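J.: Provided below: structure_18.pdb, containing PDB, C-alpha atoms.
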```pdb
MODEL        1
ATOM      1  CA  MET A 199       0.000   0.000   0.000  1.00  0.00           C
ATOM      2  CA  ALA A 200       0.959   3.622  -0.334  1.00  0.00           C
ATOM      3  CA  ASP A 201       3.528   5.073   2.012  1.00  0.00           C
ATOM      4  CA  ASN A 202       2.030   8.109   3.747  1.00  0.00           C
ATOM      5  CA  ASP A 203       5.459   9.740   3.509  1.00  0.00           C
ATOM      6  CA  ASP A 204       5.462   9.397  -0.283  1.00  0.00           C
ATOM      7  CA  PRO A 205       4.917  12.950  -1.629  1.00  0.00           C
ATOM      8  CA  ARG A 206       2.785  11.603  -4.500  1.00  0.00           C
ATOM      9  CA  PHE A 207      -0.063  10.530  -2.224  1.00  0.00           C
ATOM     10  CA  GLN A 208      -2.647  12.316  -0.113  1.00  0.00           C
ATOM     11  CA  ASN A 209      -3.457  11.074   3.381  1.00  0.00           C
ATOM     12  CA  ASP A 210      -5.182   7.712   2.935  1.00  0.00           C
ATOM     13  CA  GLN A 211      -7.441   7.902   6.004  1.00  0.00           C
ATOM     14  CA  PRO A 212     -11.237   7.975   5.447  1.00  0.00           C
ATOM     15  CA  ARG A 213     -12.758  11.451   5.190  1.00  0.00           C
ATOM     16  CA  ILE A 214     -16.024  11.584   7.147  1.00  0.00           C
ATOM     17  CA  HIS A 215     -18.236  14.670   7.319  1.00  0.00           C
ATOM     18  CA  PRO A 216     -19.056  15.638  10.937  1.00  0.00           C
ATOM     19  CA  SER A 217     -22.801  15.326  10.260  1.00  0.00           C
ATOM     20  CA  ALA A 218     -22.555  11.721   9.010  1.00  0.00           C
ATOM     21  CA  GLN A 219     -23.919   8.914  11.203  1.00  0.00           C
ATOM     22  CA  LEU A 220     -22.005   5.627  11.120  1.00  0.00           C
ATOM     23  CA  LYS A 221     -22.585   2.488  13.174  1.00  0.00           C
ATOM     24  CA  GLY A 222     -20.865  -0.840  12.653  1.00  0.00           C
ATOM     25  CA  VAL A 223     -19.134   0.496   9.522  1.00  0.00           C
ATOM     26  CA  LYS A 224     -15.773  -0.529   8.065  1.00  0.00           C
ATOM     27  CA  LEU A 225     -14.194   1.912   5.596  1.00  0.00           C
ATOM     28  CA  GLY A 226     -11.211   1.363   3.338  1.00  0.00           C
ATOM     29  CA  LYS A 227      -8.429   3.784   2.526  1.00  0.00           C
ATOM     30  CA  TYR A 228      -9.217   7.069   0.754  1.00  0.00           C
ATOM     31  CA  THR A 229     -12.961   6.582   1.304  1.00  0.00           C
ATOM     32  CA  GLU A 230     -15.223   9.632   1.650  1.00  0.00           C
ATOM     33  CA  VAL A 231     -18.529   9.947   3.518  1.00  0.00           C
ATOM     34  CA  GLY A 232     -20.452  13.134   2.766  1.00  0.00           C
ATOM     35  CA  GLU A 233     -22.845  15.406   4.602  1.00  0.00           C
ATOM     36  CA  ARG A 234     -25.672  13.687   6.527  1.00  0.00           C
ATOM     37  CA  VAL A 235     -24.876  10.243   5.142  1.00  0.00           C
ATOM     38  CA  VAL A 236     -26.263   7.451   7.339  1.00  0.00           C
ATOM     39  CA  LEU A 237     -24.579   4.028   7.248  1.00  0.00           C
ATOM     40  CA  ARG A 238     -25.344   0.985   9.402  1.00  0.00           C
ATOM     41  CA  ASP A 239     -23.486  -2.342   9.193  1.00  0.00           C
ATOM     42  CA  VAL A 240     -21.798  -1.411   5.911  1.00  0.00           C
ATOM     43  CA  THR A 241     -18.349  -2.188   4.520  1.00  0.00           C
ATOM     44  CA  ALA A 242     -16.878   0.025   1.796  1.00  0.00           C
ATOM     45  CA  GLY A 243     -13.639  -0.592  -0.062  1.00  0.00           C
ATOM     46  CA  ASP A 244     -10.768   1.759  -0.850  1.00  0.00           C
ATOM     47  CA  PHE A 245     -11.563   4.974  -2.769  1.00  0.00           C
ATOM     48  CA  THR A 246     -15.354   4.524  -2.557  1.00  0.00           C
ATOM     49  CA  TYR A 247     -17.297   7.686  -1.770  1.00  0.00           C
ATOM     50  CA  PHE A 248     -20.828   8.588  -0.659  1.00  0.00           C
ATOM     51  CA  GLU A 249     -22.315  11.958  -1.584  1.00  0.00           C
ATOM     52  CA  ARG A 250     -24.631  13.892   0.743  1.00  0.00           C
ATOM     53  CA  HIS A 251     -27.838  12.484   2.256  1.00  0.00           C
ATOM     54  CA  SER A 252     -27.267   8.901   1.112  1.00  0.00           C
ATOM     55  CA  GLU A 253     -28.184   5.939   3.314  1.00  0.00           C
ATOM     56  CA  GLY A 254     -27.086   2.339   3.467  1.00  0.00           C
ATOM     57  CA  ILE A 255     -27.635  -0.653   5.721  1.00  0.00           C
ATOM     58  CA  TYR A 256     -26.525  -4.306   5.616  1.00  0.00           C
ATOM     59  CA  ALA A 257     -24.328  -3.873   2.539  1.00  0.00           C
ATOM     60  CA  ASP A 258     -20.868  -4.813   1.282  1.00  0.00           C
ATOM     61  CA  ILE A 259     -19.519  -2.319  -1.247  1.00  0.00           C
ATOM     62  CA  GLY A 260     -16.365  -2.714  -3.310  1.00  0.00           C
ATOM     63  CA  ARG A 261     -13.560  -0.337  -4.192  1.00  0.00           C
ATOM     64  CA  PHE A 262     -13.823   2.754  -6.412  1.00  0.00           C
ATOM     65  CA  CYS A 263     -17.614   3.000  -6.159  1.00  0.00           C
ATOM     66  CA  SER A 264     -19.238   6.385  -6.816  1.00  0.00           C
ATOM     67  CA  ILE A 265     -22.448   6.776  -4.822  1.00  0.00           C
ATOM     68  CA  ALA A 266     -24.367   9.947  -5.592  1.00  0.00           C
ATOM     69  CA  ALA A 267     -26.568  12.050  -3.329  1.00  0.00           C
ATOM     70  CA  ASN A 268     -29.845  10.727  -1.916  1.00  0.00           C
ATOM     71  CA  VAL A 269     -29.098   7.090  -2.765  1.00  0.00           C
ATOM     72  CA  ARG A 270     -30.749   4.403  -0.616  1.00  0.00           C
ATOM     73  CA  ILE A 271     -28.900   1.087  -0.376  1.00  0.00           C
ATOM     74  CA  ASN A 272     -30.943  -1.833   1.000  1.00  0.00           C
ATOM     75  CA  ALA A 273     -34.196   0.068   1.378  1.00  0.00           C
ATOM     76  CA  LEU A 274     -36.258  -0.800   4.443  1.00  0.00           C
ATOM     77  CA  GLU A 275     -38.438  -3.865   4.112  1.00  0.00           C
ATOM     78  CA  HIS A 276     -41.781  -3.967   5.918  1.00  0.00           C
ATOM     79  CA  PRO A 277     -43.548  -7.222   6.953  1.00  0.00           C
ATOM     80  CA  MET A 278     -46.449  -7.117   4.516  1.00  0.00           C
ATOM     81  CA  GLU A 279     -47.679 -10.553   5.633  1.00  0.00           C
ATOM     82  CA  ARG A 280     -48.513  -9.255   9.112  1.00  0.00           C
ATOM     83  CA  LEU A 281     -51.601  -7.472  10.326  1.00  0.00           C
ATOM     84  CA  THR A 282     -49.809  -4.164   9.814  1.00  0.00           C
ATOM     85  CA  THR A 283     -46.729  -3.020   7.937  1.00  0.00           C
ATOM     86  CA  HIS A 284     -46.143  -0.350  10.596  1.00  0.00           C
ATOM     87  CA  LYS A 285     -42.985  -0.528  12.709  1.00  0.00           C
ATOM     88  CA  ILE A 286     -45.118  -1.109  15.802  1.00  0.00           C
ATOM     89  CA  SER A 287     -44.913  -4.809  14.929  1.00  0.00           C
ATOM     90  CA  TYR A 288     -41.097  -5.021  14.760  1.00  0.00           C
ATOM     91  CA  ARG A 289     -39.947  -2.052  16.908  1.00  0.00           C
ATOM     92  CA  PRO A 290     -42.683  -1.871  19.559  1.00  0.00           C
ATOM     93  CA  ASN A 291     -40.095  -0.676  22.091  1.00  0.00           C
ATOM     94  CA  GLU A 292     -40.395   2.786  20.531  1.00  0.00           C
ATOM     95  CA  PHE A 293     -43.958   3.001  21.829  1.00  0.00           C
ATOM     96  CA  PHE A 294     -44.299   0.582  24.764  1.00  0.00           C
ATOM     97  CA  LYS A 295     -42.296  -0.462  27.765  1.00  0.00           C
ATOM     98  CA  TYR A 296     -41.490  -4.170  28.199  1.00  0.00           C
ATOM     99  CA  GLN A 297     -41.782  -4.794  24.443  1.00  0.00           C
ATOM    100  CA  GLY A 298     -38.452  -5.440  22.740  1.00  0.00           C
ATOM    101  CA  ILE A 299     -37.250  -5.310  19.155  1.00  0.00           C
ATOM    102  CA  ASP A 300     -38.452  -8.228  17.029  1.00  0.00           C
ATOM    103  CA  ASN A 301     -35.117 -10.024  16.580  1.00  0.00           C
ATOM    104  CA  VAL A 302     -36.571 -12.527  14.134  1.00  0.00           C
ATOM    105  CA  PHE A 303     -37.557  -9.744  11.756  1.00  0.00           C
ATOM    106  CA  ARG A 304     -34.218  -8.004  12.244  1.00  0.00           C
ATOM    107  CA  ALA A 305     -32.386 -11.245  11.423  1.00  0.00           C
ATOM    108  CA  ARG A 306     -34.485 -11.524   8.263  1.00  0.00           C
ATOM    109  CA  ARG A 307     -33.351  -8.039   7.258  1.00  0.00           C
ATOM    110  CA  GLN A 308     -29.718  -8.743   8.084  1.00  0.00           C
ATOM    111  CA  ALA A 309     -29.773 -11.890   5.942  1.00  0.00           C
ATOM    112  CA  LYS A 310     -30.705  -9.849   2.864  1.00  0.00           C
ATOM    113  CA  ARG A 311     -27.394  -8.030   2.503  1.00  0.00           C
ATOM    114  CA  VAL A 312     -26.747  -6.027  -0.630  1.00  0.00           C
ATOM    115  CA  GLY A 313     -23.504  -6.750  -2.494  1.00  0.00           C
ATOM    116  CA  ILE A 314     -21.972  -4.114  -4.758  1.00  0.00           C
ATOM    117  CA  GLY A 315     -18.865  -4.882  -6.797  1.00  0.00           C
ATOM    118  CA  HIS A 316     -15.924  -2.652  -7.673  1.00  0.00           C
ATOM    119  CA  ASP A 317     -16.136   0.456  -9.898  1.00  0.00           C
ATOM    120  CA  VAL A 318     -19.919   0.774  -9.622  1.00  0.00           C
ATOM    121  CA  TRP A 319     -21.578   4.144 -10.223  1.00  0.00           C
ATOM    122  CA  ILE A 320     -24.948   4.639  -8.516  1.00  0.00           C
ATOM    123  CA  GLY A 321     -26.769   7.746  -9.747  1.00  0.00           C
ATOM    124  CA  HIS A 322     -28.640  10.410  -7.788  1.00  0.00           C
ATOM    125  CA  GLY A 323     -31.677   9.181  -5.894  1.00  0.00           C
ATOM    126  CA  ALA A 324     -31.362   5.514  -6.862  1.00  0.00           C
ATOM    127  CA  VAL A 325     -32.879   2.895  -4.561  1.00  0.00           C
ATOM    128  CA  ILE A 326     -31.316  -0.543  -4.173  1.00  0.00           C
ATOM    129  CA  MET A 327     -33.744  -3.094  -2.746  1.00  0.00           C
ATOM    130  CA  PRO A 328     -32.798  -5.838  -0.230  1.00  0.00           C
ATOM    131  CA  ALA A 329     -30.540  -8.756  -1.237  1.00  0.00           C
ATOM    132  CA  ILE A 330     -29.600  -7.209  -4.609  1.00  0.00           C
ATOM    133  CA  GLN A 331     -26.193  -8.055  -6.101  1.00  0.00           C
ATOM    134  CA  ILE A 332     -24.561  -5.553  -8.463  1.00  0.00           C
ATOM    135  CA  GLY A 333     -21.607  -6.643 -10.596  1.00  0.00           C
ATOM    136  CA  HIS A 334     -18.297  -4.887 -11.153  1.00  0.00           C
ATOM    137  CA  GLY A 335     -18.353  -1.853 -13.422  1.00  0.00           C
ATOM    138  CA  ALA A 336     -22.141  -1.501 -13.505  1.00  0.00           C
ATOM    139  CA  VAL A 337     -23.922   1.858 -13.762  1.00  0.00           C
ATOM    140  CA  ILE A 338     -27.241   2.551 -12.022  1.00  0.00           C
ATOM    141  CA  GLY A 339     -29.179   5.479 -13.496  1.00  0.00           C
ATOM    142  CA  ALA A 340     -30.521   8.390 -11.480  1.00  0.00           C
ATOM    143  CA  ASN A 341     -33.762   7.625  -9.615  1.00  0.00           C
ATOM    144  CA  ALA A 342     -33.633   3.958 -10.629  1.00  0.00           C
ATOM    145  CA  VAL A 343     -35.296   1.380  -8.372  1.00  0.00           C
ATOM    146  CA  VAL A 344     -33.202  -1.775  -8.567  1.00  0.00           C
ATOM    147  CA  THR A 345     -35.321  -4.859  -7.869  1.00  0.00           C
ATOM    148  CA  LYS A 346     -33.196  -7.478  -9.686  1.00  0.00           C
ATOM    149  CA  ASN A 347     -29.502  -8.321  -9.750  1.00  0.00           C
ATOM    150  CA  VAL A 348     -27.367  -6.253 -12.119  1.00  0.00           C
ATOM    151  CA  ALA A 349     -24.738  -7.945 -14.298  1.00  0.00           C
ATOM    152  CA  PRO A 350     -21.176  -6.596 -14.516  1.00  0.00           C
ATOM    153  CA  TYR A 351     -20.557  -3.678 -16.889  1.00  0.00           C
ATOM    154  CA  THR A 352     -24.212  -3.119 -17.676  1.00  0.00           C
ATOM    155  CA  ILE A 353     -26.166   0.134 -17.469  1.00  0.00           C
ATOM    156  CA  VAL A 354     -29.639  -0.005 -15.922  1.00  0.00           C
ATOM    157  CA  ALA A 355     -32.228   2.712 -15.296  1.00  0.00           C
ATOM    158  CA  GLY A 356     -35.934   3.192 -14.620  1.00  0.00           C
ATOM    159  CA  ASN A 357     -38.533   2.048 -12.102  1.00  0.00           C
ATOM    160  CA  PRO A 358     -38.175  -0.860 -11.916  1.00  0.00           C
ATOM    161  CA  ALA A 359     -34.641  -0.710 -13.326  1.00  0.00           C
ATOM    162  CA  ARG A 360     -34.103  -2.426 -16.673  1.00  0.00           C
ATOM    163  CA  LEU A 361     -31.154  -2.942 -18.969  1.00  0.00           C
ATOM    164  CA  ILE A 362     -30.369   0.115 -21.097  1.00  0.00           C
ATOM    165  CA  ARG A 363     -27.183  -1.102 -22.732  1.00  0.00           C
ATOM    166  CA  LEU A 364     -23.807  -2.690 -22.097  1.00  0.00           C
ATOM    167  CA  ARG A 365     -21.110  -0.349 -20.874  1.00  0.00           C
ATOM    168  CA  PHE A 366     -18.537  -2.240 -22.976  1.00  0.00           C
ATOM    169  CA  PRO A 367     -18.756  -5.254 -25.294  1.00  0.00           C
ATOM    170  CA  GLU A 368     -18.790  -8.547 -23.403  1.00  0.00           C
ATOM    171  CA  GLU A 369     -15.222  -9.426 -24.441  1.00  0.00           C
ATOM    172  CA  ILE A 370     -13.908  -6.093 -23.123  1.00  0.00           C
ATOM    173  CA  ALA A 371     -15.909  -6.470 -19.903  1.00  0.00           C
ATOM    174  CA  ALA A 372     -14.417  -9.928 -19.358  1.00  0.00           C
ATOM    175  CA  ARG A 373     -10.888  -8.604 -19.921  1.00  0.00           C
ATOM    176  CA  LEU A 374     -11.491  -5.768 -17.468  1.00  0.00           C
ATOM    177  CA  GLN A 375     -12.633  -8.206 -14.808  1.00  0.00           C
ATOM    178  CA  ARG A 376      -9.523 -10.319 -15.376  1.00  0.00           C
ATOM    179  CA  LEU A 377      -7.372  -7.188 -15.192  1.00  0.00           C
ATOM    180  CA  ALA A 378      -8.902  -6.373 -11.763  1.00  0.00           C
ATOM    181  CA  TRP A 379      -7.290  -2.937 -11.806  1.00  0.00           C
ATOM    182  CA  TRP A 380      -9.112  -2.091  -8.572  1.00  0.00           C
ATOM    183  CA  ASP A 381      -6.665  -4.395  -6.781  1.00  0.00           C
ATOM    184  CA  TRP A 382      -3.620  -2.497  -8.033  1.00  0.00           C
ATOM    185  CA  PRO A 383      -1.474  -0.764  -5.392  1.00  0.00           C
ATOM    186  CA  PRO A 384      -1.535   3.067  -5.379  1.00  0.00           C
ATOM    187  CA  GLU A 385       1.910   3.153  -6.944  1.00  0.00           C
ATOM    188  CA  THR A 386       0.611   1.354 -10.056  1.00  0.00           C
ATOM    189  CA  LEU A 387      -2.551   3.453 -10.156  1.00  0.00           C
ATOM    190  CA  PHE A 388      -0.445   6.607 -10.013  1.00  0.00           C
ATOM    191  CA  GLU A 389       1.526   5.479 -13.058  1.00  0.00           C
ATOM    192  CA  ALA A 390      -1.650   4.433 -14.928  1.00  0.00           C
ATOM    193  CA  ILE A 391      -3.559   7.721 -14.494  1.00  0.00           C
ATOM    194  CA  PRO A 392      -2.262   9.373 -17.695  1.00  0.00           C
ATOM    195  CA  ASP A 393      -3.271   6.311 -19.721  1.00  0.00           C
ATOM    196  CA  ILE A 394      -6.686   6.129 -18.020  1.00  0.00           C
ATOM    197  CA  GLN A 395      -7.228   9.728 -19.089  1.00  0.00           C
ATOM    198  CA  SER A 396      -5.995   9.447 -22.664  1.00  0.00           C
ATOM    199  CA  LEU A 397      -6.191   5.894 -24.037  1.00  0.00           C
ATOM    200  CA  GLY A 398      -9.228   4.179 -25.509  1.00  0.00           C
ATOM    201  CA  ILE A 399     -10.253   1.152 -23.503  1.00  0.00           C
ATOM    202  CA  GLU A 400      -8.825  -1.417 -25.933  1.00  0.00           C
ATOM    203  CA  TYR A 401      -5.497   0.407 -26.122  1.00  0.00           C
ATOM    204  CA  PHE A 402      -5.390   0.658 -22.354  1.00  0.00           C
ATOM    205  CA  LEU A 403      -6.001  -3.062 -21.971  1.00  0.00           C
ATOM    206  CA  ALA A 404      -3.392  -3.932 -24.584  1.00  0.00           C
ATOM    207  CA  LYS A 405      -0.815  -1.892 -22.682  1.00  0.00           C
ATOM    208  CA  TRP A 406      -1.654  -2.884 -19.115  1.00  0.00           C
ATOM    209  CA  GLU A 407      -2.649  -6.545 -19.375  1.00  0.00           C
ATOM    210  CA  ARG A 408       0.172  -8.561 -17.913  1.00  0.00           C
TER
ENDMDL
END
```
Please express the file's structure as structure tokens.
T.:
Amino acid sequence: MADNDDPRFQNDQPRIHPSAQLKGVKLGKYTEVGERVVLRDVTAGDFTYFERHSEGIYADIGRFCSIAANVRINALEHPMERLTTHKISYRPNEFFKYQGIDNVFRARRQAKRVGIGHDVWIGHGAVIMPAIQIGHGAVIGANAVVTKNVAPYTIVAGNPARLIRLRFPEEIAARLQRLAWWDWPPETLFEAIPDIQSLGIEYFLAKWER
């Protein structure tokens, strides 16, 4: 990993806005958590950032993910099979003494973790429903409601979200996943930045595939 004394690199500690609320969260290096972001039982890999007012619970998020403002990851599930969908049935302690949290329902929620791969872009206001898995390199359009798993390097949008197009041809997407550039050390990323900025994707792959 990067040496903090190396003049090429910024401080690699997570940057967390004072108004953010985090509980049971594990953040990687260079991560950023914006204004009024709320995260509960979430892991986020190196370089991933959350813009303002986003929320996430019970989720594992990869490296280099770009999460826009007002995104909801693992939206709250209500027990529709019960007499009422109201939280009085699973958090009665908020209203009554001697009535605890419904741990069975909480365990059901915890079991439906969301998994988000590396290099995923989630647009403004998108909602990711429980148990969804999003592949590496995918793009989620603004205000999308994701109710089904999203394949790597695909672009989805709408309510419910549907496939818009492939981000790259399948062969290129497969090569990118084999390249796994998100696992490169900062020293290699530093050297690759000019090529990321200037080379077409096929030329970049031809140069950097080992």
J.: Enumerate, as a ChimeraX atom specification, the residues matched when the PyMOL selection byres ((chain A and resi 345-358) around 10) is run on the file above.
T.: /A:312-321,324-344,359-368,370-372,374-375
J.: Atom CA of A:Glu407 to atom CA of A:Gly226: how many Å, to one decimal?
T.: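 We find that atom CA of A:Glu407 and atom CA of A:Gly226 lie 25.5 Å from each other.
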J.: Please expand the PyMOL selection byres ((chain A and resi 211-215) around 9) into the concrete residues it hits in this file, giving the result as number ranges by chain.
T.: A: 208-210, 216-219, 225-235, 244-245
J.: What does the PyMOL selection byres ((chain A and resi 381-392) around 10) select in this file, as a list in words?
T.: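 Taken over the shown coordinates, the PyMOL selection byres ((chain A and resi 381-392) around 10) returns Met199, Ala200, Asp201, Asp204, Arg206, Phe207, Asp244, Arg261, His316, Leu377, Ala378, Trp379, Trp380, Asp393, Ile394, Gln395, Ser396, Leu397, Phe402 and Trp406 of chain A.
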J.: Near stretch 236-243 of chain A, counting only C-alpha atoms, which residues have an atom at most 6 Å away, once you skip same-chain residues fewer than 4 positions from it, shown as a VMD selection string?
T.: chain A and resid 218 to 226 253 to 261
J.: Pick the closest to A:Ile399 from A:Glu369, A:Gln297, A:Ala309, A:Glu279: which is it, counting only C-alpha atoms?
T.: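 The closest residue to A:Ile399 is A:Glu369.
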J.: Any idea what the distance is between atom CA of A:Arg250 and atom CA of A:Ala273?
T.: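 Pair atom CA of A:Arg250 / atom CA of A:Ala273 returns 16.8 Å.
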